[in-house]
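One structure is given here, and the rest of the page talks about it.
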Amino acid sequence: MASGPPLALNPRAALELLIQLQRLGLRHLVLCPGSRSAPLAVAAALLEPAGLRLVTAIDERSAAFFALGLGRATGWPAAVVTTSGSAVANLLPAAVEADHGTVPLLLLTADRPARLKGCGANQSVNQEQFLACSCRWLGSGDPTGLAQMAPAALADLAERAMAAALGDGRTLPPGPVHLNLPFDEPLHADGEALRTLAPRAMTVPTPAPERPFQPLATPPPFPQPDPDQPGVVVAGPWRGAPSAWLSHLAALRQWQRRTGWPVLADELSGLRGQAELTVISGYDLLLEQPPLALAAPQLLRLGSLPASRRLQHWIAGQGPRQWLVSDSDPRPLDPLGCGVSQWSGGLESWLRAQPQLWSDNTPPSPSLASRALALAWQRAEERVQTLLDRQLTIGPEQPLREPWLARQLSRLLPAELPLMLANSSPVRDWESFADPRACPRTVFGFRGASGIDGTLSIACGLADALGALVLVTGDLALLHDSHGWLWRQQLRGQLTVLLIDNGGGGIFEQLPIRTEPETALDFERLFAMPQDLDPLALAAAHGVPGQVVERVEELEASLHWALAQPIALVRLMCERRGDAALRRRLRTMATWDPVQP
């Protein structure tokens, strides 16, 4: 139990909790306004000189998505602090994405003590249950108040929360944790009380070293692929910890040297453009009518499924010899019902656990049959990329086209500049039309729950952690999170937002929704939902400069201008119905040339 001046009891307990979290690796804290959460706010401010990065946000929903971006970029959970009541409910969308996307996240919510619950007290709700459906663990402070907890109990609360947020890779993936923290009166400390706490804030223990990657050691208890027979690797979005990326890449290179299997790499896999890898990126076009020559007797699937429906249908038709390897996510990842054997310890540990698949020496050469299948895929890929080069060549005075933008931007953006693709059309266009010969780069997409909410705030969190980022988004996704522009005042990283403005939900133009005759259904009102609003004016109201691009010849100069700004918006004017027709035409053309082995 805490002791000291009454006004210091709550801040002291809050400070002790945050100190323990900081010792365990907490680096960022996002603070939302509130009275009940005042002890946590004071404690966070006291810890700034000790290295805690503190940012503030008036919108709890935006704050949680900003923290989500920080967690994805760093691999460590950022903390979000809110007051009680409906403020907590605003954390749910980000918690859902963090859950499905395996992003570590700490949600710290202030609450009334138990004596004020269920009796009609102001701002007293059952908030301890609001996030239960998505959190790895629900922790609570002492129901009479956090100030009643001894330092050892607070340290235990912090340790359990951090461990659950980071996951163990075996039974628990990384994800969100909710700590509901009751505070009784008095909530607000005076200057004298704060002075008594300052010395403790300067004695933060040295942070624990980053946890080393510990691969699973037990060999998989199921039959393994035959490395001497043909097969294909399908790589979905990368969701492992940043610290595990290089070992994942090295293991995949070794696997391909041993087997010769080509890698069908989702844009979010991080594998496109990587040296020493044979990567196929045009599969979404190739599999419109899958040639028999591309059939795969064996499939090694890495992580969750790519977005391409055509690829998913092809996978479902490839037979039972399939294996699925994920990084730190033991949950079932086979919505196709293929009956795959799943391993959650990462590719390197999967290979090392099977001596017949892994060798630290020079691996044998791939078999003739494996090389023949890989060659068939490579030839098909070359034909598709040649087709796209030809069909997506547009004159300088022509209007912008969304597939052309994906291809051109992939070439124009500086090498190694991180990229985030918003859900719906942008992520799908880059999957199909981006140039696979462009420089490799880290590409983020948040397809855990595939929502458009929080798009701009997530991008700001990524930019803050990484130092720079380009966001490619649609108009509805950007408007849905317009509060994200408020991060401009605190953002440490450079952010360029490329807005593909096609006057509403362009993704619905790619679905069989429009009717014949068209008057039978009000497509614009029910699905596209265009908004009569100037996004440049909205950004300017937040102090964000912008430019509009309507013609091909204007793109490069505007992009150069935007990348030189601390934060900027480029509005790329497109026409969604014509772009949807172009996508259909490109897919039809890709099936004209038969693929021969």
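Every chain in the structure tokens has a letter given in the order shown (A, B, ...), and although residue numbers restart at 1 in each chain, ligands are simply numbered from 1 in the order shown.
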List every residue of segment 439-548 of chain A that has an atom at most 10 Å from any atom of segment 100-114 of chain A, giving for each one its closest atom pair and the distance in Å to one decimal, counting only C-alpha atoms, sorted by chain and then by ascending residue number, as a Markdown table.
| residue | atom | partner | partner_atom | distance |
| --- | --- | --- | --- | --- |
| A:Gly445 | CA | A:Gly101 | CA | 9.6 |
| A:Phe446 | CA | A:Gly101 | CA | 6.9 |
| A:Arg447 | CA | A:Gly101 | CA | 6.9 |
| A:Gly448 | CA | A:Gly101 | CA | 4.2 |
| A:Ala449 | CA | A:His100 | CA | 6.2 |
| A:Ser450 | CA | A:His100 | CA | 9.5 |
For the residues in the current selection, export all heavy atoms as a PDB file, in the first residue's frame.
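The file below, again.pdb, is the result:
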ATOM      1  N   GLY A 445       0.591  -2.700 -44.259  1.00  0.00           N
ATOM      2  CA  GLY A 445      -0.838  -2.715 -44.523  1.00  0.00           C
ATOM      3  C   GLY A 445      -1.498  -3.336 -43.307  1.00  0.00           C
ATOM      4  O   GLY A 445      -0.936  -4.239 -42.691  1.00  0.00           O
ATOM      5  N   PHE A 446      -2.661  -2.883 -42.969  1.00  0.00           N
ATOM      6  CA  PHE A 446      -3.313  -3.355 -41.748  1.00  0.00           C
ATOM      7  C   PHE A 446      -4.568  -4.119 -42.134  1.00  0.00           C
ATOM      8  O   PHE A 446      -5.676  -3.605 -42.090  1.00  0.00           O
ATOM      9  CB  PHE A 446      -3.570  -2.175 -40.810  1.00  0.00           C
ATOM     10  CG  PHE A 446      -2.278  -1.638 -40.243  1.00  0.00           C
ATOM     11  CD1 PHE A 446      -1.481  -0.787 -40.997  1.00  0.00           C
ATOM     12  CD2 PHE A 446      -1.831  -2.037 -39.006  1.00  0.00           C
ATOM     13  CE1 PHE A 446      -0.266  -0.323 -40.511  1.00  0.00           C
ATOM     14  CE2 PHE A 446      -0.621  -1.576 -38.507  1.00  0.00           C
ATOM     15  CZ  PHE A 446       0.168  -0.726 -39.257  1.00  0.00           C
ATOM     16  N   ARG A 447      -4.316  -5.382 -42.517  1.00  0.00           N
ATOM     17  CA  ARG A 447      -5.384  -6.232 -43.019  1.00  0.00           C
ATOM     18  C   ARG A 447      -5.821  -7.270 -41.989  1.00  0.00           C
ATOM     19  O   ARG A 447      -6.427  -8.279 -42.335  1.00  0.00           O
ATOM     20  CB  ARG A 447      -4.930  -6.910 -44.315  1.00  0.00           C
ATOM     21  CG  ARG A 447      -4.665  -5.907 -45.440  1.00  0.00           C
ATOM     22  CD  ARG A 447      -4.590  -6.584 -46.791  1.00  0.00           C
ATOM     23  NE  ARG A 447      -5.785  -7.347 -47.100  1.00  0.00           N
ATOM     24  CZ  ARG A 447      -6.944  -6.827 -47.476  1.00  0.00           C
ATOM     25  NH1 ARG A 447      -7.078  -5.514 -47.586  1.00  0.00           N
ATOM     26  NH2 ARG A 447      -7.971  -7.606 -47.737  1.00  0.00           N
ATOM     27  N   GLY A 448      -5.490  -7.013 -40.707  1.00  0.00           N
ATOM     28  CA  GLY A 448      -5.974  -7.919 -39.678  1.00  0.00           C
ATOM     29  C   GLY A 448      -7.489  -8.002 -39.690  1.00  0.00           C
ATOM     30  O   GLY A 448      -8.072  -9.080 -39.749  1.00  0.00           O
ATOM     31  N   ALA A 449      -8.135  -6.839 -39.648  1.00  0.00           N
ATOM     32  CA  ALA A 449      -9.587  -6.776 -39.754  1.00  0.00           C
ATOM     33  C   ALA A 449     -10.022  -6.071 -41.039  1.00  0.00           C
ATOM     34  O   ALA A 449     -11.211  -5.913 -41.289  1.00  0.00           O
ATOM     35  CB  ALA A 449     -10.181  -6.057 -38.543  1.00  0.00           C
ATOM     36  N   SER A 450      -9.049  -5.607 -41.825  1.00  0.00           N
ATOM     37  CA  SER A 450      -9.281  -5.020 -43.154  1.00  0.00           C
ATOM     38  C   SER A 450     -10.213  -3.815 -43.125  1.00  0.00           C
ATOM     39  O   SER A 450     -10.956  -3.578 -44.078  1.00  0.00           O
ATOM     40  CB  SER A 450      -9.834  -6.076 -44.123  1.00  0.00           C
ATOM     41  OG  SER A 450      -8.881  -7.097 -44.315  1.00  0.00           O
TER      42      SER A 450
END
Report the closest atom pair, with its distance in Å rounded to one decimal, for each residue of segment 244-334 of chain A that has an atom no farther than 10 Å from segment 153-171 of chain A; count only C-alpha atoms, sort by chain and then rising residue number, and write it as JSON lines.
{"residue": "A:Ser326", "atom": "CA", "partner": "A:Gly169", "partner_atom": "CA", "distance": 9.4}
{"residue": "A:Asp327", "atom": "CA", "partner": "A:Gly169", "partner_atom": "CA", "distance": 7.2}
{"residue": "A:Ser328", "atom": "CA", "partner": "A:Gly169", "partner_atom": "CA", "distance": 3.7}
{"residue": "A:Asp329", "atom": "CA", "partner": "A:Gly169", "partner_atom": "CA", "distance": 5.9}
{"residue": "A:Pro330", "atom": "CA", "partner": "A:Thr171", "partner_atom": "CA", "distance": 5.9}
{"residue": "A:Arg331", "atom": "CA", "partner": "A:Thr171", "partner_atom": "CA", "distance": 8.0}
Run DSSP on the backbone and grab whatever in segment 174-387 of chain A lands in helix (DSSP H, G or I); send it over as a PyMOL selection string. chain A and resi 191-201+242-259+267-269+283-286+292-294+309-316+347-352+368-387
Using only C-alpha atoms, which of A:Leu555, A:Ala235, A:Gln318, A:Ala189 sits nearest Glu397 of chain A?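 Under the stated criterion, the closest residue is A:Leu555.
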I'd like the neighbourhood of Tyr283 of chain A as a ChimeraX atom specification, where a residue qualifies if any of its atoms comes within 12 Å (using only C-alpha atoms), though same-chain residues fewer than 5 positions away should be ignored. /A:232,234-235,262-267,288-291,294,306-315,377-385,431-433,436,587,590-591
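Here atom CA of Leu569 of chain A and atom CA of Leu409 of chain A stand 15.0 Å from one another.
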In Å and to one decimal, atom CA of Leu375 of chain A is distant from atom CA of Pro230 of chain A by 11.2 Å
Report the closest atom pair, with its distance in Å rounded to one decimal, for each residue of segment 13-130 of chain A that has an atom no farther than 8 Å from segment 476-496 of chain A; count only C-alpha atoms, sort by chain and then rising residue number, and write it as a Markdown table.
| residue | atom | partner | partner_atom | distance |
| --- | --- | --- | --- | --- |
| A:Val55 | CA | A:Gln490 | CA | 7.0 |
| A:Ala57 | CA | A:Trp487 | CA | 7.9 |
| A:Asp59 | CA | A:His483 | CA | 7.4 |
| A:Ser62 | CA | A:Gly484 | CA | 6.3 |
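Residues of segment 273-396 of chain A assigned to strand (DSSP E or B) by DSSP on this structure's backbone: Val279, Ile280, Leu299, Leu300, Arg301, Leu302, Gln322, Trp323, Leu324, Val325, Asp327, Ser341, Gln342, Trp343 and Gly345 of chain A.
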Long-range neighbours of Ala147 of chain A as a PyMOL selection string, 12 Å cut-off, only C-alpha atoms, 4 positions minimum in chain: chain A and resi 1-17+39-40+113+141-143+151+153-154+181-187
